[in-house]
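Okay, upload-v1.cif is below, mmCIF, C-alpha atoms:
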data_run
loop_
_atom_site.label_atom_id
_atom_site.label_comp_id
_atom_site.auth_asym_id
_atom_site.auth_seq_id
_atom_site.Cartn_x
_atom_site.Cartn_y
_atom_site.Cartn_z
CA LYS A 1 -41.20 -48.56 -18.62
CA ALA A 2 -39.19 -49.10 -15.44
CA ASP A 3 -37.68 -52.30 -16.89
CA ALA A 4 -36.66 -50.46 -20.05
CA MET A 5 -34.96 -47.67 -18.03
CA GLN A 6 -33.12 -50.25 -15.94
CA LYS A 7 -31.89 -52.06 -19.07
CA SER A 8 -30.66 -48.79 -20.63
CA ARG A 9 -28.79 -47.86 -17.46
CA SER A 10 -27.14 -51.26 -17.22
CA GLY A 11 -26.15 -51.15 -20.89
CA GLY A 12 -24.61 -47.68 -20.62
CA SER A 13 -22.62 -48.52 -17.50
CA THR A 14 -21.31 -51.70 -19.05
CA ALA A 15 -20.19 -49.93 -22.20
CA ASN A 16 -18.47 -47.10 -20.33
CA GLY A 17 -16.83 -49.50 -17.89
CA SER A 18 -15.32 -51.84 -20.46
CA ALA A 19 -11.53 -51.86 -20.50
CA ASP A 20 -10.92 -53.00 -24.07
CA GLY A 21 -12.60 -49.97 -25.68
CA GLY A 22 -15.11 -52.14 -27.52
CA GLY A 23 -17.57 -53.13 -24.79
CA GLY A 24 -15.89 -56.38 -23.72
CA LYS A 25 -17.08 -59.89 -24.44
CA GLY A 26 -20.81 -60.28 -24.68
CA THR A 27 -21.48 -56.54 -24.38
CA THR A 28 -22.62 -53.93 -26.90
CA ASP A 29 -21.47 -50.30 -26.94
CA THR A 30 -24.40 -48.11 -28.03
CA SER A 31 -22.05 -45.42 -29.43
CA ARG A 32 -20.35 -48.04 -31.62
CA SER A 33 -23.37 -50.06 -32.59
CA GLY A 34 -23.04 -51.67 -36.00
CA LEU A 35 -19.23 -51.47 -36.01
CA PRO A 36 -17.09 -54.62 -36.23
CA LYS A 37 -15.87 -56.01 -32.92
CA ARG A 38 -12.38 -55.17 -31.81
CA SER A 39 -9.72 -57.81 -32.31
CA LYS A 40 -5.95 -57.90 -32.56
CA ALA A 41 -6.06 -58.65 -36.26
CA ARG A 42 -8.38 -55.71 -37.00
CA ILE A 43 -6.33 -53.30 -34.85
CA LYS A 44 -3.21 -54.42 -36.72
CA TRP A 45 -5.00 -53.77 -40.01
CA MET A 46 -5.97 -50.28 -38.84
CA ARG A 47 -2.33 -49.58 -37.97
CA ARG A 48 -1.31 -50.45 -41.53
CA GLU A 49 -3.97 -48.07 -42.87
CA HIS A 50 -2.77 -45.38 -40.46
CA ALA A 51 0.79 -45.67 -41.80
CA LYS A 52 -0.42 -44.61 -45.27
CA ASP A 53 -1.44 -41.03 -44.37
CA HIS A 54 -0.94 -40.89 -40.57
CA ALA A 55 -4.55 -39.87 -39.98
CA GLY A 56 -5.66 -39.49 -36.36
CA ALA A 57 -7.86 -41.93 -34.47
CA THR A 58 -10.88 -39.62 -34.75
CA VAL A 59 -10.50 -39.36 -38.54
CA MET A 60 -10.09 -43.13 -38.95
CA ASN A 61 -13.12 -43.88 -36.77
CA GLY A 62 -15.15 -41.49 -38.92
CA ARG A 63 -14.06 -43.34 -42.05
CA LEU A 64 -15.02 -46.61 -40.38
CA ARG A 65 -18.55 -45.33 -39.64
CA ARG A 66 -18.93 -44.19 -43.24
CA GLY A 67 -18.02 -47.68 -44.43
CA GLU A 68 -14.74 -46.81 -46.13
CA TYR A 69 -12.94 -49.67 -44.37
CA GLY A 70 -15.75 -52.18 -44.74
CA ARG A 71 -15.65 -54.98 -42.15
CA LYS A 72 -11.85 -55.14 -42.06
CA GLY A 73 -11.29 -52.40 -39.49
CA CYS A 74 -12.55 -51.65 -36.01
CA TYR A 75 -12.75 -48.81 -33.50
CA VAL A 76 -9.28 -47.61 -32.44
CA THR A 77 -7.81 -45.08 -30.03
CA ALA A 78 -4.57 -43.09 -30.08
CA GLU A 79 -3.02 -45.66 -27.77
CA ASP A 80 -3.91 -48.42 -30.23
CA LEU A 81 -2.15 -46.64 -33.11
CA ASN A 82 0.94 -45.61 -31.08
CA CYS A 83 2.79 -44.22 -34.13
CA GLN A 84 6.16 -42.61 -33.49
CA PHE A 85 6.37 -41.01 -36.95
CA CYS A 86 3.13 -39.00 -36.76
CA ALA A 87 4.76 -35.71 -35.72
CA MET A 88 7.18 -35.63 -38.66
CA ALA A 89 4.52 -36.81 -41.11
CA LYS A 90 2.11 -34.06 -40.05
CA MET A 91 4.79 -31.41 -40.49
CA ARG A 92 5.46 -32.58 -44.04
CA ALA A 93 1.76 -32.83 -44.86
CA ARG A 94 1.16 -29.30 -43.56
CA SER A 95 3.83 -27.87 -45.87
CA ARG A 96 2.50 -29.78 -48.89
CA SER A 97 -1.24 -29.36 -48.42
CA ASN A 98 -1.50 -25.67 -47.57
CA VAL A 99 -4.82 -24.76 -49.14
CA HIS A 100 -4.24 -21.01 -48.84
CA ALA A 101 -0.57 -20.74 -49.72
CA ARG A 102 0.87 -17.24 -49.47
CA VAL A 103 1.87 -16.40 -53.01
CA ARG A 104 5.00 -14.27 -53.04
CA PRO A 105 5.15 -11.47 -55.62
CA GLY A 106 7.96 -11.51 -58.14
CA MET A 107 8.87 -7.84 -57.61
CA VAL A 108 10.16 -6.03 -54.56
CA LEU A 109 8.35 -3.07 -52.95
CA SER A 110 5.11 -3.78 -54.82
CA HIS A 111 2.84 -5.79 -52.46
CA PHE A 112 2.64 -4.73 -48.82
CA SER A 113 0.69 -6.12 -45.90
CA TRP A 114 0.06 -3.50 -43.23
CA ASP A 115 -1.70 -3.25 -39.89
CA VAL A 116 -1.95 -1.13 -36.73
CA TYR A 117 -0.57 -2.35 -33.40
CA GLU A 118 -1.38 -0.90 -29.97
CA PRO A 119 1.19 -1.84 -27.29
CA PRO A 120 0.01 -2.52 -23.73
CA LYS A 121 -0.90 0.46 -21.57
CA GLU A 122 2.28 0.31 -19.49
CA PHE A 123 4.31 1.06 -22.63
CA GLN A 124 2.25 4.11 -23.65
CA LYS A 125 4.05 6.42 -21.22
CA ASN A 126 6.92 7.76 -23.29
CA ARG A 127 8.56 11.11 -23.91
CA ASP A 128 6.83 11.63 -27.29
CA GLY A 129 3.35 10.41 -26.35
CA TRP A 130 3.28 7.61 -28.93
CA ARG A 131 0.41 5.16 -28.59
CA TYR A 132 0.14 3.21 -31.86
CA ILE A 133 2.55 1.62 -34.32
CA PHE A 134 1.71 1.55 -38.02
CA GLY A 135 3.68 -1.16 -39.79
CA ALA A 136 3.94 -2.55 -43.32
CA ILE A 137 5.99 -5.52 -44.54
CA ASP A 138 7.00 -6.07 -48.14
CA LEU A 139 5.85 -9.53 -49.19
CA GLY A 140 8.63 -9.82 -51.76
CA SER A 141 11.67 -9.00 -49.64
CA GLY A 142 10.55 -8.86 -46.00
CA TYR A 143 11.41 -5.17 -45.65
CA ILE A 144 9.56 -3.49 -42.75
CA TYR A 145 8.46 0.14 -42.56
CA VAL A 146 6.96 1.50 -39.33
CA MET A 147 5.54 4.81 -38.17
CA PHE A 148 4.70 5.82 -34.61
CA SER A 149 1.51 7.77 -34.03
CA ARG A 150 -0.60 9.22 -31.23
CA GLY A 151 -3.86 8.17 -32.93
CA LYS A 152 -5.24 5.81 -35.54
CA THR A 153 -7.72 7.96 -37.39
CA ALA A 154 -8.19 8.00 -41.15
CA GLN A 155 -5.86 10.99 -41.36
CA ASP A 156 -3.16 9.02 -39.56
CA CYS A 157 -3.67 6.07 -41.94
CA LEU A 158 -3.35 8.38 -44.92
CA ARG A 159 -0.19 9.94 -43.45
CA PHE A 160 1.27 6.49 -42.97
CA MET A 161 0.54 5.45 -46.55
CA LYS A 162 2.05 8.66 -47.89
CA GLY A 163 5.14 8.03 -45.79
CA LEU A 164 5.38 4.49 -47.15
CA GLN A 165 5.03 5.79 -50.71
CA LYS A 166 7.75 8.36 -50.04
CA LYS A 167 10.06 5.66 -48.69
CA VAL A 168 9.50 3.45 -51.74
CA ASN A 169 10.18 6.38 -54.07
CA ALA A 170 13.45 7.07 -52.25
CA MET A 171 14.52 3.43 -52.64
CA ALA A 172 13.40 3.20 -56.29
CA PRO A 173 16.67 4.33 -57.97
CA LEU A 174 18.73 1.73 -56.11
CA ALA A 175 16.21 -1.01 -56.90
CA TYR A 176 16.20 0.04 -60.57
CA THR A 177 19.98 -0.27 -60.69
CA ARG A 178 19.77 -3.84 -59.46
CA TYR A 179 16.60 -5.24 -61.07
CA GLY A 180 16.03 -2.97 -64.06
CA TYR A 181 12.53 -1.83 -63.09
CA VAL A 182 11.18 1.02 -61.00
CA PRO A 183 9.30 -0.42 -57.99
CA LYS A 184 5.82 0.91 -57.34
CA ILE A 185 3.23 -0.03 -54.74
CA THR A 186 0.41 -1.83 -56.51
CA MET A 187 -1.41 -3.55 -53.62
CA LEU A 188 -1.95 -2.95 -49.91
CA ARG A 189 -3.45 -5.74 -47.79
CA GLN A 190 -5.18 -4.93 -44.54
CA ASP A 191 -7.73 -6.35 -42.10
CA CYS A 192 -9.28 -3.09 -40.85
CA GLU A 193 -11.38 -0.36 -42.44
CA SER A 194 -9.39 2.88 -42.58
CA GLY A 195 -12.35 5.25 -42.88
CA SER A 196 -13.64 8.08 -40.72
CA THR A 197 -17.14 9.10 -39.67
CA THR A 198 -18.23 12.73 -39.67
CA VAL A 199 -20.44 14.39 -37.07
CA ASN A 200 -23.45 13.85 -39.34
CA GLY A 201 -22.84 10.10 -39.50
CA TYR A 202 -21.39 9.96 -43.00
CA THR A 203 -18.36 7.72 -43.60
CA THR A 204 -15.63 9.40 -45.62
CA GLY A 205 -13.02 7.49 -47.56
CA ILE A 206 -10.03 9.81 -47.77
CA VAL A 207 -7.78 6.75 -47.73
CA ASP A 208 -9.67 5.18 -50.65
CA GLU A 209 -9.46 8.44 -52.58
CA GLY A 210 -5.73 8.66 -51.98
CA LEU A 211 -5.18 5.07 -53.08
CA GLN A 212 -7.25 5.58 -56.21
CA GLN A 213 -5.21 8.63 -57.14
CA GLU A 214 -2.01 6.61 -56.75
CA GLN A 215 -3.61 3.62 -58.56
CA ILE A 216 -3.01 1.31 -55.61
CA GLU A 217 -5.31 -1.66 -55.13
CA ARG A 218 -6.55 -2.36 -51.60
CA ASP A 219 -7.18 -5.98 -50.61
CA MET A 220 -9.43 -6.41 -47.56
CA ASN A 221 -9.25 -9.81 -45.89
CA LYS A 222 -12.42 -11.20 -44.35
CA SER A 223 -13.20 -13.83 -41.74
CA ARG A 224 -12.41 -16.68 -44.13
CA THR A 225 -9.36 -15.06 -45.74
CA HIS A 226 -7.26 -14.33 -42.66
CA HIS A 227 -4.24 -15.95 -44.33
CA LYS A 228 -3.84 -12.89 -46.54
CA ASN A 229 -2.64 -10.69 -43.67
CA GLY A 230 -0.68 -13.35 -41.83
CA SER A 231 2.68 -11.72 -42.58
CA ALA A 232 1.66 -8.58 -40.69
CA GLU A 233 0.50 -10.60 -37.67
CA VAL A 234 3.79 -12.50 -37.57
CA MET A 235 5.60 -9.16 -37.79
CA TRP A 236 3.74 -7.84 -34.73
CA ARG A 237 4.39 -11.01 -32.75
CA THR A 238 8.12 -10.87 -33.51
CA LEU A 239 8.28 -7.15 -32.73
CA ARG A 240 6.47 -7.64 -29.42
CA GLU A 241 8.75 -10.47 -28.32
CA ARG A 242 12.03 -8.87 -29.40
CA SER A 243 11.23 -5.40 -28.07
CA GLY A 244 10.24 -6.77 -24.67
CA ALA A 245 13.33 -8.98 -24.54
CA GLN A 246 15.59 -6.03 -25.35
CA LEU A 247 14.05 -3.94 -22.57
CA ALA A 248 14.42 -6.77 -20.07
CA ALA A 249 18.03 -7.49 -21.04
CA SER A 250 19.11 -3.84 -20.89
CA GLY A 251 17.19 -2.95 -17.73
CA MET A 252 15.56 0.06 -19.41
CA GLY A 253 12.15 1.34 -18.37
CA CYS A 254 8.85 0.97 -20.19
CA GLU A 255 9.13 4.52 -21.54
CA PHE A 256 11.82 3.29 -23.97
CA TYR A 257 9.59 0.64 -25.58
CA PHE A 258 9.18 2.53 -28.86
CA ASP A 259 12.96 3.09 -29.05
CA SER A 260 13.42 -0.65 -28.61
CA ALA A 261 10.89 -1.33 -31.38
CA ASP A 262 12.67 1.10 -33.71
CA THR A 263 15.99 -0.65 -33.04
CA PHE A 264 14.41 -4.02 -33.80
CA VAL A 265 13.10 -2.79 -37.17
CA PHE A 266 16.54 -1.48 -38.16
CA ASN A 267 18.26 -4.72 -37.17
CA TRP A 268 15.58 -6.76 -38.99
CA ASN A 269 16.03 -4.86 -42.25
CA GLU A 270 19.80 -5.20 -42.04
CA SER A 271 19.88 -8.88 -40.98
CA SER A 272 20.22 -11.75 -43.43
CA GLY A 273 18.21 -14.95 -43.24
CA THR A 274 15.81 -17.16 -45.14
CA GLU A 275 12.75 -15.96 -43.21
CA SER A 276 13.41 -12.25 -43.85
CA ASN A 277 14.39 -12.57 -47.50
CA VAL A 278 12.63 -14.29 -50.40
CA ILE A 279 13.69 -12.95 -53.80
CA GLY A 280 17.43 -12.50 -53.30
CA SER A 281 20.06 -14.78 -51.94
CA THR A 282 19.68 -16.21 -48.44
CA ALA A 283 22.85 -14.31 -47.45
CA GLU A 284 21.23 -10.94 -48.14
CA SER A 285 19.21 -8.73 -45.85
CA PRO A 286 15.80 -7.31 -46.82
CA ALA A 287 17.34 -3.87 -47.29
CA VAL A 288 20.02 -5.24 -49.64
CA THR A 289 17.34 -7.20 -51.52
CA CYS A 290 15.54 -3.91 -52.16
CA GLY A 291 18.75 -2.45 -53.60
CA GLN A 292 20.07 -0.53 -50.60
CA PRO A 293 23.76 -0.65 -49.63
CA ASP A 294 24.78 -3.05 -46.91
CA ARG A 295 24.56 -1.35 -43.50
CA SER A 296 24.82 -4.44 -41.34
CA GLY A 297 27.94 -2.94 -39.76
CA LEU A 298 25.75 -0.34 -38.04
CA LYS A 299 23.73 -2.90 -36.08
CA ARG A 300 24.08 -2.52 -32.33
CA ASP A 301 22.48 -4.11 -29.30
CA PHE A 302 19.81 -1.99 -27.63
CA GLY A 303 20.96 -0.79 -24.20
CA SER A 304 24.69 -1.05 -24.92
CA THR A 305 27.17 1.39 -23.38
CA ALA A 306 27.85 4.34 -25.69
CA TRP A 307 30.24 7.28 -25.65
CA TRP A 308 29.67 10.74 -27.14
CA HIS A 309 32.73 12.69 -28.22
CA ASN A 310 31.89 16.39 -28.11
CA ASP A 311 33.89 19.57 -28.64
CA GLY A 312 34.02 20.66 -25.00
CA THR A 313 30.57 22.29 -24.78
CA LEU A 314 29.36 19.87 -22.10
CA SER A 315 30.31 20.49 -18.50
CA TRP A 316 30.99 17.76 -15.98
CA ASP A 317 27.56 18.18 -14.38
CA GLY A 318 25.76 17.81 -17.70
CA THR A 319 24.98 21.45 -18.46
CA VAL A 320 25.84 22.99 -21.82
CA HIS A 321 28.22 25.97 -21.86
CA PRO A 322 30.38 27.74 -24.43
CA LYS A 323 33.27 25.76 -25.80
CA GLN A 324 36.07 25.53 -23.24
CA LYS A 325 39.41 23.83 -23.09
CA SER A 326 38.59 22.33 -19.73
CA GLY A 327 35.24 20.94 -20.86
CA ARG A 328 34.72 17.21 -20.96
CA ARG A 329 35.50 15.61 -24.27
CA GLY A 330 33.48 12.46 -23.79
CA ALA A 331 30.22 11.57 -22.07
CA ARG A 332 28.94 8.13 -21.23
CA GLY A 333 25.44 7.03 -22.14
CA ILE A 334 23.21 4.21 -23.33
CA PHE A 335 22.49 3.36 -26.95
CA ILE A 336 18.74 3.52 -27.70
CA GLY A 337 18.53 3.37 -31.49
CA HIS A 338 19.38 4.94 -34.82
CA GLY A 339 18.43 8.40 -36.00
CA THR A 340 15.77 8.87 -38.67
CA GLU A 341 15.57 12.58 -39.50
CA GLN A 342 19.07 13.16 -38.14
CA LYS A 343 21.55 10.46 -39.09
CA GLY A 344 23.74 8.77 -36.53
CA PHE A 345 23.56 6.73 -33.35
CA LYS A 346 21.01 7.82 -30.76
CA MET A 347 21.90 7.66 -27.07
CA ILE A 348 20.80 9.03 -23.73
CA LEU A 349 23.45 10.68 -21.54
CA LEU A 350 23.77 9.34 -18.03
CA VAL A 351 24.90 12.66 -16.59
CA SER A 352 21.90 14.71 -17.78
CA GLU A 353 19.43 12.19 -19.38
CA LYS A 354 19.66 14.22 -22.58
CA ILE A 355 18.97 12.52 -25.94
CA VAL A 356 21.86 12.86 -28.39
CA CYS A 357 21.89 11.74 -32.04
CA ASP A 358 25.23 12.18 -33.74
CA TRP A 359 27.84 10.28 -35.75
CA ASP A 360 30.31 11.19 -32.99
CA VAL A 361 28.55 8.63 -30.79
CA LYS A 362 30.68 5.52 -30.49
CA VAL A 363 29.00 2.21 -29.67
CA PRO A 364 31.17 -0.93 -29.52
CA GLU A 365 29.88 -3.80 -31.66
CA ASN A 366 30.03 -6.06 -28.61
CA GLY A 367 29.17 -3.33 -26.17
CA LEU A 368 28.55 -4.01 -22.51
CA THR A 369 24.86 -3.82 -21.70
CA THR A 370 24.19 -1.50 -18.78
CA THR A 371 21.23 -0.12 -16.84
CA LEU A 372 20.03 3.44 -16.62
#
File written out as structure tokens:
Amino acid sequence: KADAMQKSRSGGSTANGSADGGGGKGTTDTSRSGLPKRSKARIKWMRREHAKDHAGATVMNGRLRRGEYGRKGCYVTAEDLNCQFCAMAKMRARSRSNVHARVRPGMVLSHFSWDVYEPPKEFQKNRDGWRYIFGAIDLGSGYIYVMFSRGKTAQDCLRFMKGLQKKVNAMAPLAYTRYGYVPKITMLRQDCESGSTTVNGYTTGIVDEGLQQEQIERDMNKSRTHHKNGSAEVMWRTLRERSGAQLAASGMGCEFYFDSADTFVFNWNESSGTESNVIGSTAESPAVTCGQPDRSGLKRDFGSTAWWHNDGTLSWDGTVHPKQKSGRRGARGIFIGHGTEQKGFKMILLVSEKIVCDWDVKVPENGLTTTL
């Protein structure tokens, strides 16, 4: 027994200590037992096989063990293959052999992928008390619709879906003028259950009831179908990166995170590009693809210097008083987004930290970014 243990130890150390990867001359590697010995001719043959599909060393060694290469090949490592075209070949293979390709719908504003995003805790201190962001992206055009909320209950989910339906109905006439059909939401994809539990432990489905009334199909992705909601995850990643970058570049505080996110959504919908547009031309924005007029001229950089032209009701110390001839006609501030309920540019005044939303706000297209 002691002799057998000594032989096994000597064999393992010899195999692990060999420099040629195959056990060296006169040695046997127990992990590669039964495989052909390494030689320059066999390694060269394996390189030719690797050039056919650019498979990795692990994949090729597995094929060798299964006998697919017969006695022509041998054990190889990544250093043995040393292929400089592997990176490009893998990128092409990934685009061709996508098993779960994301099928794009042929109609705009019909298939949406939505999700709920909770920003980090340091961004939850804001003037409106927002804590969550509900977002949906149109899979046909790339149009994004968001709603800020203080909770994520079933009632909030239902309110978000009603708001999305209202937005689609408002955009329907313009889309009909362009495409000849009235867009209607037919499917909503999600990765979370939007139900609520009562005090007695019963789960209510007010969201399901609302979707059934509107004849909207809900597609729930599971652990093996995560590709279905990938567009929403990419949307959150882009929003997180862009919103944080805008705050850092403008020097604004964390309490303006939701304003930065709102500005990003507006600029996204009004920006052209191949990634944000699928059905229309590559020179069109998602909003134009959905039939809306071009509003790309209203895009502004978050944190830019803005000026508010008023009628003399603002004093020099920032207080509001009756209209006077000697009142200040312009006030300097910082651009923080676009108005939703009230149209116009939204800014915060430096003299009083008051939020103003008006078309009389002037923001240069290449405005100087300032700090509060």
Using all atoms listed in the file, find each residue of region 103-177 of chain A with at least one atom at most 8 Å away from an atom of region 281-302 of chain A; report its shortest atom-to-atom pair and that distance in Å (one decimal), sort the rows by chain and rising residue number, and return the result as CSV.
residue,atom,partner,partner_atom,distance
A:Val108,CA,A:Cys290,CA,6.3
A:Leu109,CA,A:Cys290,CA,7.3
A:Ser141,CA,A:Pro286,CA,5.3
A:Gly142,CA,A:Pro286,CA,5.5
A:Tyr143,CA,A:Pro286,CA,5.0
A:Met171,CA,A:Gln292,CA,7.1
A:Leu174,CA,A:Gly291,CA,4.9
A:Ala175,CA,A:Gly291,CA,4.4
A:Tyr176,CA,A:Gly291,CA,7.8
A:Thr177,CA,A:Gly291,CA,7.5
With all atoms listed in the file counted, which protein, DNA or RNA residues have an atom no more than 7 Å from (12.2, 2.3, -60.2) in the file frame? Please answer as an MDAnalysis selection string.
chainID A and resid 172:173 175:176 181:183
Explicit residues for the PyMOL selection byres ((chain A and resi 129) around 12) (as a ChimeraX atom specification)
/A:121,123-128,130-133,148-151,255-258
So that I can check the surroundings of Ala55 (chain A), please list as a ChimeraX atom specification every protein, DNA and RNA residue that reaches within 9 Å of it, counting all atoms listed in the file and ignoring chain neighbours fewer than 5 positions away.
/A:49-50,60,86,90
For this file, the PyMOL selection byres ((chain A and resi 343-352) around 12) selects which residues, as an MDAnalysis selection string?
chainID A and resid 252 256 259:260 262:263 266 298:309 314:320 328 330:342 353:364 370:372
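Ranking A:Glu118, A:Glu214, A:Asp53, A:Asp138 by their shortest atom-to-atom distance to Cys83 (chain A), with only C-alpha atoms included, puts A:Asp53 first.
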For the atom pair CA of Trp236 (chain A) and CA of Tyr117 (chain A), what is the interatomic distance in Å to one decimal place?
7.1 Å
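The closest residue to Asp208 (chain A), picked from A:Ala154, A:Val265, A:Leu81, A:Leu247 and counting all atoms listed in the file, is A:Ala154.
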Identify the residues within 12 Å of coordinate (4.4, -7.0, -38.3) (same frame as the file), considering only C-alpha atoms, and give the answer as a PyMOL selection string.
chain A and resi 112-118+133-139+142-147+190+229-242+261+264-265+268+276
In Å, with one decimal, what is the gap from CA of Glu122 (chain A) to CA of Ala248 (chain A)?
14.1 Å
To one decimal place, how far is CA of Leu164 (chain A) from CA of Pro119 (chain A) in Å?
21.3 Å
With distances taken over only C-alpha atoms, the candidate from A:Gly56, A:Gly106, A:Pro36, A:Pro120 nearest Gly73 (chain A) is A:Pro36
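Closest to His111 (chain A) among A:Lys184, A:Lys166, A:Lys37, A:Arg65 is A:Lys184, based on only C-alpha atoms.
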Could the centre and edge lengths of an axis-aligned box, enclosing all atoms of region 115-132 of chain A in the file with 3 Å extra on each side, be given in Å to one decimal as JSON?
{"center_x": 3.3, "center_y": 4.2, "center_z": -29.7, "size_x": 16.5, "size_y": 20.9, "size_z": 26.4}
Ile43 (chain A) proximity check over A:Asn61, A:Ser110, A:Ser272, A:Gln165, using only C-alpha atoms: winner is A:Asn61
Pull all heavy atoms for region 293-300 of chain A from the block and write them as a tab-separated table (two decimals), in the first residue's frame.
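decode21.tsv written:
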chain	number	residue	atom	x	y	z
A	293	PRO	N	-43.97	65.33	-34.22
A	293	PRO	CA	-43.12	66.31	-34.92
A	293	PRO	C	-41.72	66.34	-34.33
A	293	PRO	O	-41.51	65.96	-33.17
A	293	PRO	CB	-43.87	67.64	-34.70
A	293	PRO	CG	-44.70	67.42	-33.47
A	293	PRO	CD	-45.09	65.97	-33.50
A	294	ASP	N	-40.79	66.80	-35.12
A	294	ASP	CA	-39.39	66.84	-34.71
A	294	ASP	C	-39.20	67.96	-33.69
A	294	ASP	O	-39.43	69.14	-33.97
A	294	ASP	CB	-38.50	67.07	-35.93
A	294	ASP	CG	-37.02	66.98	-35.57
A	294	ASP	OD1	-36.72	66.54	-34.45
A	294	ASP	OD2	-36.19	67.36	-36.40
A	295	ARG	N	-38.77	67.60	-32.49
A	295	ARG	CA	-38.48	68.57	-31.43
A	295	ARG	C	-37.03	68.50	-30.99
A	295	ARG	O	-36.71	68.82	-29.85
A	295	ARG	CB	-39.40	68.33	-30.23
A	295	ARG	CG	-40.89	68.50	-30.52
A	295	ARG	CD	-41.69	68.47	-29.24
A	295	ARG	NE	-41.49	67.23	-28.50
A	295	ARG	CZ	-41.92	67.01	-27.26
A	295	ARG	NH1	-42.59	67.96	-26.63
A	295	ARG	NH2	-41.72	65.85	-26.66
A	296	SER	N	-36.16	68.06	-31.89
A	296	SER	CA	-34.76	67.96	-31.52
A	296	SER	C	-34.14	69.32	-31.23
A	296	SER	O	-33.11	69.39	-30.55
A	296	SER	CB	-33.98	67.28	-32.65
A	296	SER	OG	-34.12	68.00	-33.87
A	297	GLY	N	-34.76	70.40	-31.73
A	297	GLY	CA	-34.24	71.73	-31.44
A	297	GLY	C	-34.42	72.16	-30.01
A	297	GLY	O	-33.83	73.17	-29.58
A	298	LEU	N	-35.24	71.42	-29.24
A	298	LEU	CA	-35.47	71.76	-27.84
A	298	LEU	C	-34.53	71.03	-26.89
A	298	LEU	O	-34.63	71.21	-25.68
A	298	LEU	CB	-36.92	71.43	-27.45
A	298	LEU	CG	-38.01	72.17	-28.23
A	298	LEU	CD1	-39.38	71.73	-27.76
A	298	LEU	CD2	-37.86	73.68	-28.09
A	299	LYS	N	-33.64	70.21	-27.43
A	299	LYS	CA	-32.70	69.50	-26.56
A	299	LYS	C	-31.69	70.48	-25.97
A	299	LYS	O	-31.14	71.32	-26.67
A	299	LYS	CB	-31.97	68.40	-27.34
A	299	LYS	CG	-32.85	67.27	-27.81
A	299	LYS	CD	-32.02	66.12	-28.33
A	299	LYS	CE	-31.14	66.57	-29.48
A	299	LYS	NZ	-30.32	65.45	-29.99
A	300	ARG	N	-31.45	70.33	-24.67
A	300	ARG	CA	-30.49	71.16	-23.98
A	300	ARG	C	-29.69	70.30	-23.00
A	300	ARG	O	-30.16	69.24	-22.55
A	300	ARG	CB	-31.18	72.29	-23.20
A	300	ARG	CG	-31.93	73.30	-24.06
A	300	ARG	CD	-30.99	74.10	-24.94
A	300	ARG	NE	-31.68	75.18	-25.64
A	300	ARG	CZ	-32.29	75.04	-26.81
A	300	ARG	NH1	-32.30	73.85	-27.41
A	300	ARG	NH2	-32.88	76.08	-27.38
